[in-house]
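K.L.:
Take this structure first; my questions come after.
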Amino acid sequence: MSIGVFDSGVGGLTVHRALVNRLPQADFIYLADQANAPYGGRPGEEIVDLTRAGCERLFDAGASVVILACNTASAIALRRLQQTWLPGYRKALGRPVNVLGIIVPTIEAATGLPWEHEAERRGEKVEQLDVLGVFSTPGTTASRVYEIEIDKRRQDVAVFSEPCPNLARMIEADAGAVELATEVERHVQQLKTRIGRYPDRAILGCTHYEIVADMFRAALPAGTPMIQQPQATADALELYFQRHPELNPGTGGGRTFLTTGAPGPQNGLVESFWGGPLRFEAA
Ligand code: DGL
């Protein structure tokens, strides 16, 4: 048995890496649906169908749990699949399996942090609102999942989402550093204009953006705290396996990387994030 990690492309590698560091003995199968990436601008029904197909491929390959290492799939497809597809599929498969997303762990990390900022003004203590900026695909932004889920937990955190329609595609296409940094800067400035100031904290709400996290750090005011989605997911998954011993993550330390797109080496941007060569096999 193994842990399946699914994304439209290379973004989920940022989550995969944190999961592998946390559970090094487990067997991992990564699936990038690069034939259909990016997901962020697709209609919801397509995202549901593509995500289901990815999960089936990973369960066929022996996964006991599939992590949707994709905010767009987690926001749009996860609940639908858990409610309408997984129960029957599990029965047909005849073994326990589950599909988990990455947004709830991220929100738990974001809302568990101290949020209250106090400023001195004219000798009085003035409470300031905690403004959280979320950069995500248009699909995730339109779902309003971060706004809705954070509001359920903390009414005192204001969430502003910035859709970045080109960024995941640019990362998949190995766009140049200047082009990428300009795009990131443009979105940070757009968000700033909408809020009226920079956000107090930020979430990179698309796993691809973690690959250019340094560009977001450079575009935001120095030291802006960023919620670490990969680490939050690793924390949650470790606890999940403790609660679910029936779901076996494997013990062989296997690492398999599959793509529905062109097999072979991944682009330079990805390899420099990865720290070395990385080849995907045909799914
Ligand atoms: N990396 C994915 C996410 O976290 C999907 C990006 C895309 O395919 O548009 O949203």
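So you can find residues: chains in the structure tokens are A, B, ... in the order shown, residues in each start at 1, and ligands are numbered from 1 in order.
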Residues of chain A that have any atom at most 7 Å from an atom of ligand 1: could you tabulate them with the shortest-distance atom pair and the distance in Å to one decimal, using only C-alpha atoms and all ligand atoms, ordered by chain and increasing number, as CSV?

P.N.:
```
residue,atom,partner,partner_atom_place_in_ligand_line,distance
A:Asp7,CA,ligand 1,1 (N),5.9
A:Ser8,CA,ligand 1,8 (O),4.8
A:Gly9,CA,ligand 1,8 (O),6.5
A:Gly11,CA,ligand 1,1 (N),4.5
A:Gly12,CA,ligand 1,1 (N),6.0
A:Ala37,CA,ligand 1,8 (O),4.9
A:Pro38,CA,ligand 1,8 (O),3.2
A:Tyr39,CA,ligand 1,8 (O),3.6
A:Gly40,CA,ligand 1,9 (O),3.4
A:Gly41,CA,ligand 1,9 (O),6.6
A:Ala69,CA,ligand 1,4 (O),6.5
A:Cys70,CA,ligand 1,4 (O),3.5
A:Asn71,CA,ligand 1,4 (O),3.7
A:Thr72,CA,ligand 1,10 (O),4.0
A:Ala73,CA,ligand 1,10 (O),6.7
A:Ser136,CA,ligand 1,10 (O),6.5
A:Thr137,CA,ligand 1,9 (O),5.6
A:Thr140,CA,ligand 1,10 (O),6.7
A:Ala168,CA,ligand 1,6 (C),5.2
A:Arg169,CA,ligand 1,9 (O),6.9
A:Gly205,CA,ligand 1,4 (O),6.2
A:Cys206,CA,ligand 1,4 (O),3.2
A:Thr207,CA,ligand 1,4 (O),3.9
A:His208,CA,ligand 1,1 (N),4.6
```

K.L.:
Output C-alpha atoms for every residue in that selection, as a JSON list (two decimals), in the first residue's frame.

P.N.:
```json
[["chain", "number", "residue", "atom", "x", "y", "z"],
["A", 7, "ASP", "CA", -2.05, 17.54, -8.60],
["A", 8, "SER", "CA", -2.77, 18.97, -12.02],
["A", 9, "GLY", "CA", 0.99, 19.27, -12.46],
["A", 11, "GLY", "CA", 2.71, 22.14, -7.80],
["A", 12, "GLY", "CA", 1.87, 19.15, -5.62],
["A", 37, "ALA", "CA", -3.18, 21.26, -16.50],
["A", 38, "PRO", "CA", -3.91, 23.92, -15.51],
["A", 39, "TYR", "CA", -7.15, 23.19, -13.69],
["A", 40, "GLY", "CA", -7.67, 26.71, -12.32],
["A", 41, "GLY", "CA", -9.78, 28.08, -15.18],
["A", 69, "ALA", "CA", -2.14, 18.31, -3.30],
["A", 70, "CYS", "CA", -4.08, 20.86, -5.30],
["A", 71, "ASN", "CA", -6.17, 23.66, -3.83],
["A", 72, "THR", "CA", -8.41, 23.82, -6.88],
["A", 73, "ALA", "CA", -9.30, 20.10, -6.69],
["A", 136, "SER", "CA", -4.96, 31.22, -5.71],
["A", 137, "THR", "CA", -6.28, 30.01, -9.05],
["A", 140, "THR", "CA", -10.26, 28.38, -5.89],
["A", 168, "ALA", "CA", 0.37, 27.91, -12.62],
["A", 169, "ARG", "CA", 0.55, 27.70, -16.41],
["A", 205, "GLY", "CA", -3.37, 28.95, -1.97],
["A", 206, "CYS", "CA", -2.12, 27.14, -5.07],
["A", 207, "THR", "CA", 0.58, 24.53, -4.61],
["A", 208, "HIS", "CA", 2.38, 25.71, -7.75]]
```

K.L.:
Excluding segment 42-52 of chain A and residues on its chain fewer than 5 positions from it, collect all residues at most 10 Å away from it, counting only C-alpha atoms, and give them as JSON, numbers by chain.

P.N.:
{"A": [6, 7, 8, 33, 36, 37, 57, 58, 68, 70, 72, 73, 74, 75, 76, 77, 78, 79, 80, 81, 85, 86, 99, 138, 139, 143]}

K.L.:
Selected residues, N, CA and C atoms, written as an mmCIF file, in the first residue's frame, please.

P.N.:
```cif
data_model
loop_
_atom_site.group_PDB
_atom_site.id
_atom_site.type_symbol
_atom_site.label_atom_id
_atom_site.label_comp_id
_atom_site.auth_asym_id
_atom_site.auth_seq_id
_atom_site.Cartn_x
_atom_site.Cartn_y
_atom_site.Cartn_z
ATOM 1 N N PHE A 6 -1.782 13.802 -5.528
ATOM 2 C CA PHE A 6 -2.334 14.189 -6.829
ATOM 3 C C PHE A 6 -2.327 15.705 -7.017
ATOM 4 N N ASP A 7 -1.922 16.124 -8.206
ATOM 5 C CA ASP A 7 -2.054 17.542 -8.597
ATOM 6 C C ASP A 7 -2.243 17.599 -10.102
ATOM 7 N N SER A 8 -2.672 18.771 -10.569
ATOM 8 C CA SER A 8 -2.768 18.966 -12.017
ATOM 9 C C SER A 8 -1.380 18.921 -12.652
ATOM 10 N N ASP A 33 -1.445 15.461 -13.415
ATOM 11 C CA ASP A 33 -2.346 15.383 -14.578
ATOM 12 C C ASP A 33 -1.967 16.476 -15.583
ATOM 13 N N ASN A 36 -3.888 17.719 -18.642
ATOM 14 C CA ASN A 36 -5.072 18.570 -18.455
ATOM 15 C C ASN A 36 -4.803 19.835 -17.650
ATOM 16 N N ALA A 37 -3.537 20.060 -17.281
ATOM 17 C CA ALA A 37 -3.181 21.255 -16.497
ATOM 18 C C ALA A 37 -3.178 22.480 -17.425
ATOM 19 N N ARG A 57 -6.749 6.284 -10.663
ATOM 20 C CA ARG A 57 -5.429 5.835 -11.137
ATOM 21 C C ARG A 57 -4.511 5.518 -9.950
ATOM 22 N N LEU A 58 -4.573 6.377 -8.939
ATOM 23 C CA LEU A 58 -3.711 6.182 -7.767
ATOM 24 C C LEU A 58 -4.173 5.007 -6.913
ATOM 25 N N LEU A 68 -5.124 15.217 -2.185
ATOM 26 C CA LEU A 68 -5.295 16.164 -3.288
ATOM 27 C C LEU A 68 -4.359 17.342 -2.993
ATOM 28 N N CYS A 70 -3.605 19.874 -4.345
ATOM 29 C CA CYS A 70 -4.085 20.859 -5.303
ATOM 30 C C CYS A 70 -5.247 21.590 -4.638
ATOM 31 N N THR A 72 -7.247 23.727 -5.990
ATOM 32 C CA THR A 72 -8.407 23.816 -6.882
ATOM 33 C C THR A 72 -9.248 22.540 -6.769
ATOM 34 N N ALA A 73 -8.571 21.380 -6.825
ATOM 35 C CA ALA A 73 -9.296 20.105 -6.689
ATOM 36 C C ALA A 73 -9.881 19.965 -5.294
ATOM 37 N N SER A 74 -9.131 20.394 -4.272
ATOM 38 C CA SER A 74 -9.633 20.296 -2.895
ATOM 39 C C SER A 74 -10.865 21.181 -2.714
ATOM 40 N N ALA A 75 -10.818 22.384 -3.306
ATOM 41 C CA ALA A 75 -11.922 23.337 -3.131
ATOM 42 C C ALA A 75 -13.166 22.898 -3.891
ATOM 43 N N ILE A 76 -12.964 22.348 -5.082
ATOM 44 C CA ILE A 76 -14.118 22.141 -5.975
ATOM 45 C C ILE A 76 -14.577 20.680 -6.009
ATOM 46 N N ALA A 77 -13.638 19.734 -5.908
ATOM 47 C CA ALA A 77 -14.013 18.330 -6.127
ATOM 48 C C ALA A 77 -14.105 17.492 -4.851
ATOM 49 N N LEU A 78 -13.349 17.849 -3.828
ATOM 50 C CA LEU A 78 -13.198 16.930 -2.688
ATOM 51 C C LEU A 78 -14.525 16.529 -2.051
ATOM 52 N N ARG A 79 -15.321 17.524 -1.659
ATOM 53 C CA ARG A 79 -16.561 17.184 -0.960
ATOM 54 C C ARG A 79 -17.481 16.343 -1.853
ATOM 55 N N ARG A 80 -17.585 16.731 -3.109
ATOM 56 C CA ARG A 80 -18.430 15.980 -4.050
ATOM 57 C C ARG A 80 -17.985 14.525 -4.126
ATOM 58 N N LEU A 81 -16.671 14.310 -4.269
ATOM 59 C CA LEU A 81 -16.169 12.937 -4.400
ATOM 60 C C LEU A 81 -16.380 12.163 -3.103
ATOM 61 N N TRP A 85 -19.117 9.706 -4.629
ATOM 62 C CA TRP A 85 -18.375 8.679 -5.376
ATOM 63 C C TRP A 85 -17.639 7.697 -4.469
ATOM 64 N N LEU A 86 -16.972 8.217 -3.457
ATOM 65 C CA LEU A 86 -16.079 7.379 -2.659
ATOM 66 C C LEU A 86 -16.775 6.212 -1.941
ATOM 67 N N VAL A 99 -9.813 9.883 0.443
ATOM 68 C CA VAL A 99 -9.265 11.028 -0.288
ATOM 69 C C VAL A 99 -9.287 12.217 0.672
ATOM 70 N N PRO A 138 -8.161 30.999 -10.293
ATOM 71 C CA PRO A 138 -9.509 31.555 -10.384
ATOM 72 C C PRO A 138 -10.568 30.594 -9.826
ATOM 73 N N GLY A 139 -10.371 29.293 -10.019
ATOM 74 C CA GLY A 139 -11.339 28.308 -9.520
ATOM 75 C C GLY A 139 -11.426 28.330 -8.008
ATOM 76 N N SER A 143 -14.549 29.750 -5.627
ATOM 77 C CA SER A 143 -15.216 28.856 -4.666
ATOM 78 C C SER A 143 -15.396 29.540 -3.308
#
```

K.L.:
What gap, in Å, lies between atom CA of Arg144 of chain A and atom CA of Val159 of chain A?

P.N.:
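Answer for the atom CA of Arg144 of chain A to atom CA of Val159 of chain A separation: 9.6 Å.
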
K.L.:
Would you list the contacts of His244 of chain A as an MDAnalysis selection string, taking every protein, DNA or RNA residue within 12 Å and counting only C-alpha atoms, but skipping same-chain residues closer than 3 positions in sequence?

P.N.:
chainID A and resid 64:65 96:98 237:241 247:249

K.L.:
Could you name the residues that touch Ile171 of chain A at 9 Å or less, counting only C-alpha atoms, but leaving out those on the same chain fewer than 6 positions away, as a count of residues only?

P.N.:
10

K.L.:
When DSSP is applied to the backbone of this structure, which of segment 141-176 of chain A are assigned alpha helix (DSSP H)? Write them out as an MDAnalysis selection string.

P.N.:
chainID A and resid 141:143 145:153 167:172

K.L.:
Once you have the residues from the selection above, write them out as a tab-separated table (two decimals), in the first residue's frame, restricted to all heavy atoms.

P.N.:
```tsv
chain	number	residue	atom	x	y	z
A	141	THR	N	-10.44	30.80	-6.04
A	141	THR	CA	-10.95	32.11	-5.62
A	141	THR	C	-12.47	32.14	-5.73
A	141	THR	O	-13.17	32.57	-4.79
A	141	THR	CB	-10.36	33.24	-6.49
A	141	THR	OG1	-8.94	33.13	-6.49
A	141	THR	CG2	-10.74	34.62	-5.96
A	142	ALA	N	-12.99	31.66	-6.87
A	142	ALA	CA	-14.44	31.70	-7.09
A	142	ALA	C	-15.18	30.82	-6.09
A	142	ALA	O	-16.33	31.11	-5.73
A	142	ALA	CB	-14.76	31.27	-8.52
A	143	SER	N	-14.55	29.75	-5.63
A	143	SER	CA	-15.22	28.86	-4.67
A	143	SER	C	-15.40	29.54	-3.31
A	143	SER	O	-16.23	29.14	-2.52
A	143	SER	CB	-14.41	27.57	-4.47
A	143	SER	OG	-13.29	27.81	-3.62
A	145	VAL	N	-13.66	29.26	-0.79
A	145	VAL	CA	-13.49	28.28	0.28
A	145	VAL	C	-12.71	28.86	1.45
A	145	VAL	O	-13.04	28.61	2.61
A	145	VAL	CB	-12.84	26.98	-0.26
A	145	VAL	CG1	-11.44	27.21	-0.77
A	145	VAL	CG2	-12.86	25.89	0.78
A	146	TYR	N	-11.69	29.65	1.17
A	146	TYR	CA	-10.90	30.21	2.28
A	146	TYR	C	-11.74	31.20	3.09
A	146	TYR	O	-11.73	31.18	4.33
A	146	TYR	CB	-9.61	30.86	1.76
A	146	TYR	CG	-8.53	29.83	1.48
A	146	TYR	CD1	-8.31	29.34	0.20
A	146	TYR	CD2	-7.77	29.30	2.52
A	146	TYR	CE1	-7.34	28.37	-0.05
A	146	TYR	CE2	-6.79	28.33	2.28
A	146	TYR	CZ	-6.59	27.88	1.00
A	146	TYR	OH	-5.63	26.91	0.78
A	147	GLU	N	-12.50	32.05	2.40
A	147	GLU	CA	-13.34	33.02	3.10
A	147	GLU	C	-14.37	32.30	3.98
A	147	GLU	O	-14.55	32.62	5.15
A	147	GLU	CB	-14.11	33.90	2.09
A	147	GLU	CG	-13.27	34.96	1.40
A	147	GLU	CD	-12.54	34.44	0.15
A	147	GLU	OE1	-12.35	33.22	0.02
A	147	GLU	OE2	-12.14	35.28	-0.68
A	148	ILE	N	-15.03	31.29	3.38
A	148	ILE	CA	-16.13	30.60	4.08
A	148	ILE	C	-15.60	29.82	5.28
A	148	ILE	O	-16.11	29.92	6.40
A	148	ILE	CB	-16.89	29.67	3.10
A	148	ILE	CG1	-17.61	30.52	2.05
A	148	ILE	CG2	-17.86	28.76	3.84
A	148	ILE	CD1	-18.10	29.73	0.83
A	149	GLU	N	-14.55	29.05	5.05
A	149	GLU	CA	-14.05	28.18	6.13
A	149	GLU	C	-13.38	28.98	7.25
A	149	GLU	O	-13.48	28.61	8.41
A	149	GLU	CB	-13.09	27.13	5.55
A	149	GLU	CG	-13.77	26.12	4.64
A	149	GLU	CD	-14.85	25.29	5.36
A	149	GLU	OE1	-14.69	25.00	6.55
A	149	GLU	OE2	-15.86	24.95	4.72
A	150	ILE	N	-12.69	30.05	6.89
A	150	ILE	CA	-12.05	30.87	7.93
A	150	ILE	C	-13.13	31.60	8.73
A	150	ILE	O	-13.06	31.70	9.95
A	150	ILE	CB	-10.99	31.80	7.32
A	150	ILE	CG1	-9.77	30.96	6.90
A	150	ILE	CG2	-10.58	32.91	8.33
A	150	ILE	CD1	-8.68	31.68	6.17
A	151	ASP	N	-14.15	32.08	8.03
A	151	ASP	CA	-15.24	32.79	8.72
A	151	ASP	C	-15.96	31.89	9.73
A	151	ASP	O	-16.44	32.36	10.76
A	151	ASP	CB	-16.22	33.35	7.68
A	151	ASP	CG	-17.21	34.30	8.32
A	151	ASP	OD1	-16.74	35.31	8.89
A	151	ASP	OD2	-18.42	34.02	8.28
A	152	LYS	N	-16.03	30.57	9.43
A	152	LYS	CA	-16.68	29.64	10.37
A	152	LYS	C	-15.90	29.59	11.68
A	152	LYS	O	-16.46	29.28	12.72
A	152	LYS	CB	-16.68	28.23	9.78
A	152	LYS	CG	-17.80	27.96	8.79
A	152	LYS	CD	-17.73	26.50	8.37
A	152	LYS	CE	-18.48	26.27	7.08
A	152	LYS	NZ	-18.08	25.00	6.45
A	153	ARG	N	-14.58	29.81	11.58
A	153	ARG	CA	-13.74	29.65	12.77
A	153	ARG	C	-13.39	30.97	13.43
A	153	ARG	O	-13.26	31.05	14.64
A	153	ARG	CB	-12.44	28.93	12.37
A	153	ARG	CG	-12.67	27.49	11.95
A	153	ARG	CD	-11.47	26.98	11.14
A	153	ARG	NE	-11.53	25.56	10.88
A	153	ARG	CZ	-12.20	25.01	9.86
A	153	ARG	NH1	-12.86	25.77	9.02
A	153	ARG	NH2	-12.20	23.70	9.69
A	167	LEU	N	-0.45	32.10	-13.48
A	167	LEU	CA	0.79	31.72	-12.80
A	167	LEU	C	1.09	30.22	-12.84
A	167	LEU	O	2.23	29.82	-13.11
A	167	LEU	CB	0.72	32.23	-11.35
A	167	LEU	CG	2.03	32.54	-10.65
A	167	LEU	CD1	3.00	33.34	-11.52
A	167	LEU	CD2	1.75	33.27	-9.35
A	168	ALA	N	0.11	29.37	-12.60
A	168	ALA	CA	0.37	27.91	-12.62
A	168	ALA	C	0.83	27.49	-14.02
A	168	ALA	O	1.78	26.71	-14.16
A	168	ALA	CB	-0.86	27.13	-12.19
A	169	ARG	N	0.16	28.03	-15.04
A	169	ARG	CA	0.55	27.70	-16.41
A	169	ARG	C	1.98	28.16	-16.70
A	169	ARG	O	2.77	27.44	-17.31
A	169	ARG	CB	-0.43	28.37	-17.40
A	169	ARG	CG	-0.17	28.06	-18.86
A	169	ARG	CD	-1.10	28.82	-19.78
A	169	ARG	NE	-1.23	30.25	-19.49
A	169	ARG	CZ	-0.30	31.16	-19.76
A	169	ARG	NH1	0.84	30.82	-20.31
A	169	ARG	NH2	-0.50	32.44	-19.44
A	170	MET	N	2.34	29.33	-16.23
A	170	MET	CA	3.70	29.85	-16.45
A	170	MET	C	4.74	28.96	-15.76
A	170	MET	O	5.82	28.73	-16.29
A	170	MET	CB	3.80	31.29	-15.92
A	170	MET	CG	3.04	32.29	-16.77
A	170	MET	SD	2.89	33.90	-15.95
A	170	MET	CE	4.58	34.51	-16.10
A	171	ILE	N	4.40	28.47	-14.58
A	171	ILE	CA	5.34	27.60	-13.85
A	171	ILE	C	5.48	26.26	-14.58
A	171	ILE	O	6.58	25.74	-14.74
A	171	ILE	CB	4.89	27.44	-12.38
A	171	ILE	CG1	5.05	28.78	-11.66
A	171	ILE	CG2	5.67	26.33	-11.67
A	171	ILE	CD1	4.35	28.89	-10.32
A	172	GLU	N	4.35	25.73	-15.05
A	172	GLU	CA	4.42	24.48	-15.84
A	172	GLU	C	5.27	24.68	-17.11
A	172	GLU	O	5.93	23.76	-17.57
A	172	GLU	CB	3.01	24.02	-16.25
A	172	GLU	CG	2.15	23.44	-15.14
A	172	GLU	CD	2.59	22.06	-14.65
A	172	GLU	OE1	3.13	21.26	-15.44
A	172	GLU	OE2	2.39	21.79	-13.44
```

K.L.:
If you measure from atom CA of Gln231 of chain A to atom CA of Leu100 of chain A, what distance in Å do you get, rounded to one decimal?

P.N.:
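Atom-to-atom, atom CA of Gln231 of chain A to atom CA of Leu100 of chain A, that is 14.9 Å.
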
K.L.:
Name the residues in contact with Ala213 of chain A at a cut-off of 12 Å, using only C-alpha atoms, excluding same-chain residues fewer than 5 positions from it; report them as a compact mmCIF listing (two decimals) with all heavy atoms, in the first residue's frame.

P.N.:
```
# COMPACT_ATOMS: atom_id res chain seq x y z
N GLY A 11 2.90 21.40 -9.06
CA GLY A 11 2.71 22.14 -7.80
C GLY A 11 2.66 21.23 -6.59
O GLY A 11 3.20 21.53 -5.53
N THR A 14 5.45 20.31 -3.98
CA THR A 14 5.78 21.09 -2.78
C THR A 14 5.18 20.43 -1.54
O THR A 14 5.77 20.46 -0.47
CB THR A 14 5.27 22.55 -2.92
OG1 THR A 14 3.84 22.55 -3.07
CG2 THR A 14 5.88 23.23 -4.14
N PHE A 135 -3.50 33.98 -2.31
CA PHE A 135 -3.23 33.97 -3.75
C PHE A 135 -3.62 32.59 -4.26
O PHE A 135 -3.15 31.57 -3.74
CB PHE A 135 -1.74 34.24 -4.01
CG PHE A 135 -1.32 35.60 -3.51
CD1 PHE A 135 -0.81 35.76 -2.22
CD2 PHE A 135 -1.46 36.71 -4.32
CE1 PHE A 135 -0.45 37.01 -1.75
CE2 PHE A 135 -1.10 37.98 -3.85
CZ PHE A 135 -0.59 38.12 -2.56
N ILE A 171 4.40 28.47 -14.58
CA ILE A 171 5.34 27.60 -13.85
C ILE A 171 5.48 26.26 -14.58
O ILE A 171 6.58 25.74 -14.74
CB ILE A 171 4.89 27.44 -12.38
CG1 ILE A 171 5.05 28.78 -11.66
CG2 ILE A 171 5.67 26.33 -11.67
CD1 ILE A 171 4.35 28.89 -10.32
N LEU A 180 8.17 35.77 -14.31
CA LEU A 180 7.42 35.25 -13.15
C LEU A 180 7.37 36.28 -12.03
O LEU A 180 6.31 36.51 -11.44
CB LEU A 180 8.09 33.97 -12.64
CG LEU A 180 7.81 32.70 -13.44
CD1 LEU A 180 8.80 31.60 -13.06
CD2 LEU A 180 6.38 32.22 -13.21
N ALA A 181 8.53 36.91 -11.77
CA ALA A 181 8.58 37.89 -10.66
C ALA A 181 7.67 39.07 -10.97
O ALA A 181 7.02 39.62 -10.07
CB ALA A 181 10.02 38.34 -10.43
N VAL A 184 4.09 37.95 -10.29
CA VAL A 184 3.85 37.86 -8.83
C VAL A 184 3.69 39.28 -8.26
O VAL A 184 2.73 39.56 -7.52
CB VAL A 184 5.00 37.11 -8.14
CG1 VAL A 184 4.94 37.28 -6.62
CG2 VAL A 184 4.98 35.62 -8.51
N GLU A 185 4.59 40.17 -8.63
CA GLU A 185 4.55 41.56 -8.14
C GLU A 185 3.22 42.23 -8.52
O GLU A 185 2.60 42.92 -7.71
CB GLU A 185 5.76 42.31 -8.74
CG GLU A 185 5.79 43.81 -8.49
CD GLU A 185 6.06 44.19 -7.04
OE1 GLU A 185 6.66 43.36 -6.31
OE2 GLU A 185 5.64 45.29 -6.62
N ALA A 202 -0.05 35.89 4.65
CA ALA A 202 -0.42 35.43 3.30
C ALA A 202 -0.49 33.91 3.27
O ALA A 202 0.22 33.21 4.00
CB ALA A 202 0.58 35.93 2.27
N ILE A 203 -1.37 33.42 2.40
CA ILE A 203 -1.44 31.99 2.07
C ILE A 203 -1.17 31.86 0.59
O ILE A 203 -1.83 32.55 -0.22
CB ILE A 203 -2.83 31.40 2.41
CG1 ILE A 203 -3.07 31.40 3.92
CG2 ILE A 203 -2.95 29.98 1.85
CD1 ILE A 203 -4.44 30.86 4.34
N LEU A 204 -0.22 31.02 0.21
CA LEU A 204 -0.07 30.67 -1.20
C LEU A 204 -1.05 29.54 -1.41
O LEU A 204 -0.76 28.37 -1.14
CB LEU A 204 1.38 30.27 -1.51
CG LEU A 204 2.42 31.37 -1.22
CD1 LEU A 204 3.80 30.94 -1.69
CD2 LEU A 204 2.02 32.70 -1.85
N GLY A 205 -2.25 29.90 -1.89
CA GLY A 205 -3.37 28.95 -1.97
C GLY A 205 -3.42 28.20 -3.28
O GLY A 205 -4.50 27.81 -3.74
N CYS A 206 -2.28 28.02 -3.91
CA CYS A 206 -2.12 27.14 -5.07
C CYS A 206 -0.75 26.52 -4.89
O CYS A 206 0.23 27.25 -4.68
CB CYS A 206 -2.19 27.92 -6.38
SG CYS A 206 -1.63 26.96 -7.82
N THR A 207 -0.68 25.19 -4.95
CA THR A 207 0.58 24.53 -4.61
C THR A 207 1.70 24.89 -5.58
O THR A 207 2.87 24.84 -5.22
CB THR A 207 0.39 23.01 -4.52
OG1 THR A 207 -0.24 22.53 -5.73
CG2 THR A 207 -0.48 22.64 -3.33
N HIS A 208 1.34 25.27 -6.81
CA HIS A 208 2.38 25.71 -7.75
C HIS A 208 3.13 26.94 -7.23
O HIS A 208 4.32 27.10 -7.50
CB HIS A 208 1.75 26.07 -9.11
CG HIS A 208 1.45 24.90 -9.99
ND1 HIS A 208 0.42 24.04 -9.75
CD2 HIS A 208 2.05 24.47 -11.14
CE1 HIS A 208 0.39 23.11 -10.70
NE2 HIS A 208 1.36 23.35 -11.55
N ALA A 218 9.58 38.37 -1.77
CA ALA A 218 10.24 39.61 -2.20
C ALA A 218 9.20 40.69 -2.52
O ALA A 218 9.47 41.88 -2.34
CB ALA A 218 11.10 39.33 -3.43
N ALA A 219 8.02 40.29 -2.97
CA ALA A 219 7.01 41.28 -3.38
C ALA A 219 6.20 41.79 -2.18
O ALA A 219 5.65 42.89 -2.23
CB ALA A 219 6.07 40.66 -4.42
N LEU A 220 6.11 40.97 -1.12
CA LEU A 220 5.37 41.38 0.08
C LEU A 220 6.33 42.11 1.02
O LEU A 220 7.55 41.95 0.91
CB LEU A 220 4.81 40.13 0.78
CG LEU A 220 3.63 39.45 0.06
CD1 LEU A 220 3.45 38.02 0.57
CD2 LEU A 220 2.34 40.24 0.26
N THR A 224 6.59 39.32 6.13
CA THR A 224 5.16 38.97 6.16
C THR A 224 5.03 37.47 6.41
O THR A 224 5.54 36.66 5.62
CB THR A 224 4.48 39.31 4.81
OG1 THR A 224 4.66 40.70 4.55
CG2 THR A 224 2.99 38.98 4.84
N PRO A 225 4.36 37.06 7.48
CA PRO A 225 4.25 35.62 7.74
C PRO A 225 3.44 34.92 6.63
O PRO A 225 2.42 35.44 6.20
CB PRO A 225 3.51 35.53 9.07
CG PRO A 225 3.61 36.89 9.68
CD PRO A 225 3.72 37.86 8.54
N MET A 226 3.95 33.77 6.20
CA MET A 226 3.23 32.98 5.18
C MET A 226 2.84 31.65 5.83
O MET A 226 3.68 30.97 6.41
CB MET A 226 4.14 32.71 3.98
CG MET A 226 4.75 33.98 3.43
SD MET A 226 4.36 34.24 1.72
CE MET A 226 5.56 33.26 0.94
N ILE A 227 1.58 31.29 5.68
CA ILE A 227 1.12 30.01 6.23
C ILE A 227 1.73 28.90 5.38
O ILE A 227 1.63 28.92 4.15
CB ILE A 227 -0.43 29.92 6.19
CG1 ILE A 227 -1.08 31.18 6.76
CG2 ILE A 227 -0.92 28.66 6.89
CD1 ILE A 227 -0.68 31.60 8.12
N GLN A 228 2.34 27.94 6.03
CA GLN A 228 3.06 26.88 5.31
C GLN A 228 2.11 25.72 5.00
O GLN A 228 1.95 24.81 5.82
CB GLN A 228 4.25 26.39 6.14
CG GLN A 228 5.27 27.47 6.46
CD GLN A 228 5.91 28.05 5.20
OE1 GLN A 228 6.24 27.32 4.28
NE2 GLN A 228 6.05 29.37 5.14
N GLN A 229 1.51 25.75 3.84
CA GLN A 229 0.55 24.70 3.48
C GLN A 229 1.18 23.29 3.46
O GLN A 229 0.57 22.35 3.97
CB GLN A 229 -0.07 25.02 2.12
CG GLN A 229 -1.10 24.03 1.68
CD GLN A 229 -1.96 24.56 0.55
OE1 GLN A 229 -1.47 24.84 -0.52
NE2 GLN A 229 -3.24 24.71 0.81
N PHE A 273 13.83 23.89 -7.85
CA PHE A 273 13.07 23.77 -6.60
C PHE A 273 13.34 22.40 -5.96
O PHE A 273 13.54 22.28 -4.76
CB PHE A 273 11.56 23.93 -6.88
CG PHE A 273 10.70 23.32 -5.83
CD1 PHE A 273 10.49 23.98 -4.63
CD2 PHE A 273 10.13 22.06 -6.01
CE1 PHE A 273 9.71 23.40 -3.63
CE2 PHE A 273 9.37 21.47 -5.02
CZ PHE A 273 9.15 22.15 -3.84
```

K.L.:
State, in Å with one decimal place, the distance from atom CA of Gly101 of chain A to atom CA of Cys55 of chain A.

P.N.:
12.0 Å

K.L.:
Have a look at A:Thr233, A:Thr259, A:Thr251, A:Gln155 and name the one nearest to Glu108 of chain A; count only C-alpha atoms.

P.N.:
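Nearest to Glu108 of chain A: A:Thr233.
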
K.L.:
Skip Gly62 of chain A itself and residues of its chain fewer than 2 positions away, then list as a PyMOL selection string all residues within 9 Å of it, counting only C-alpha atoms.

P.N.:
chain A and resi 1-4+29+57-60+64
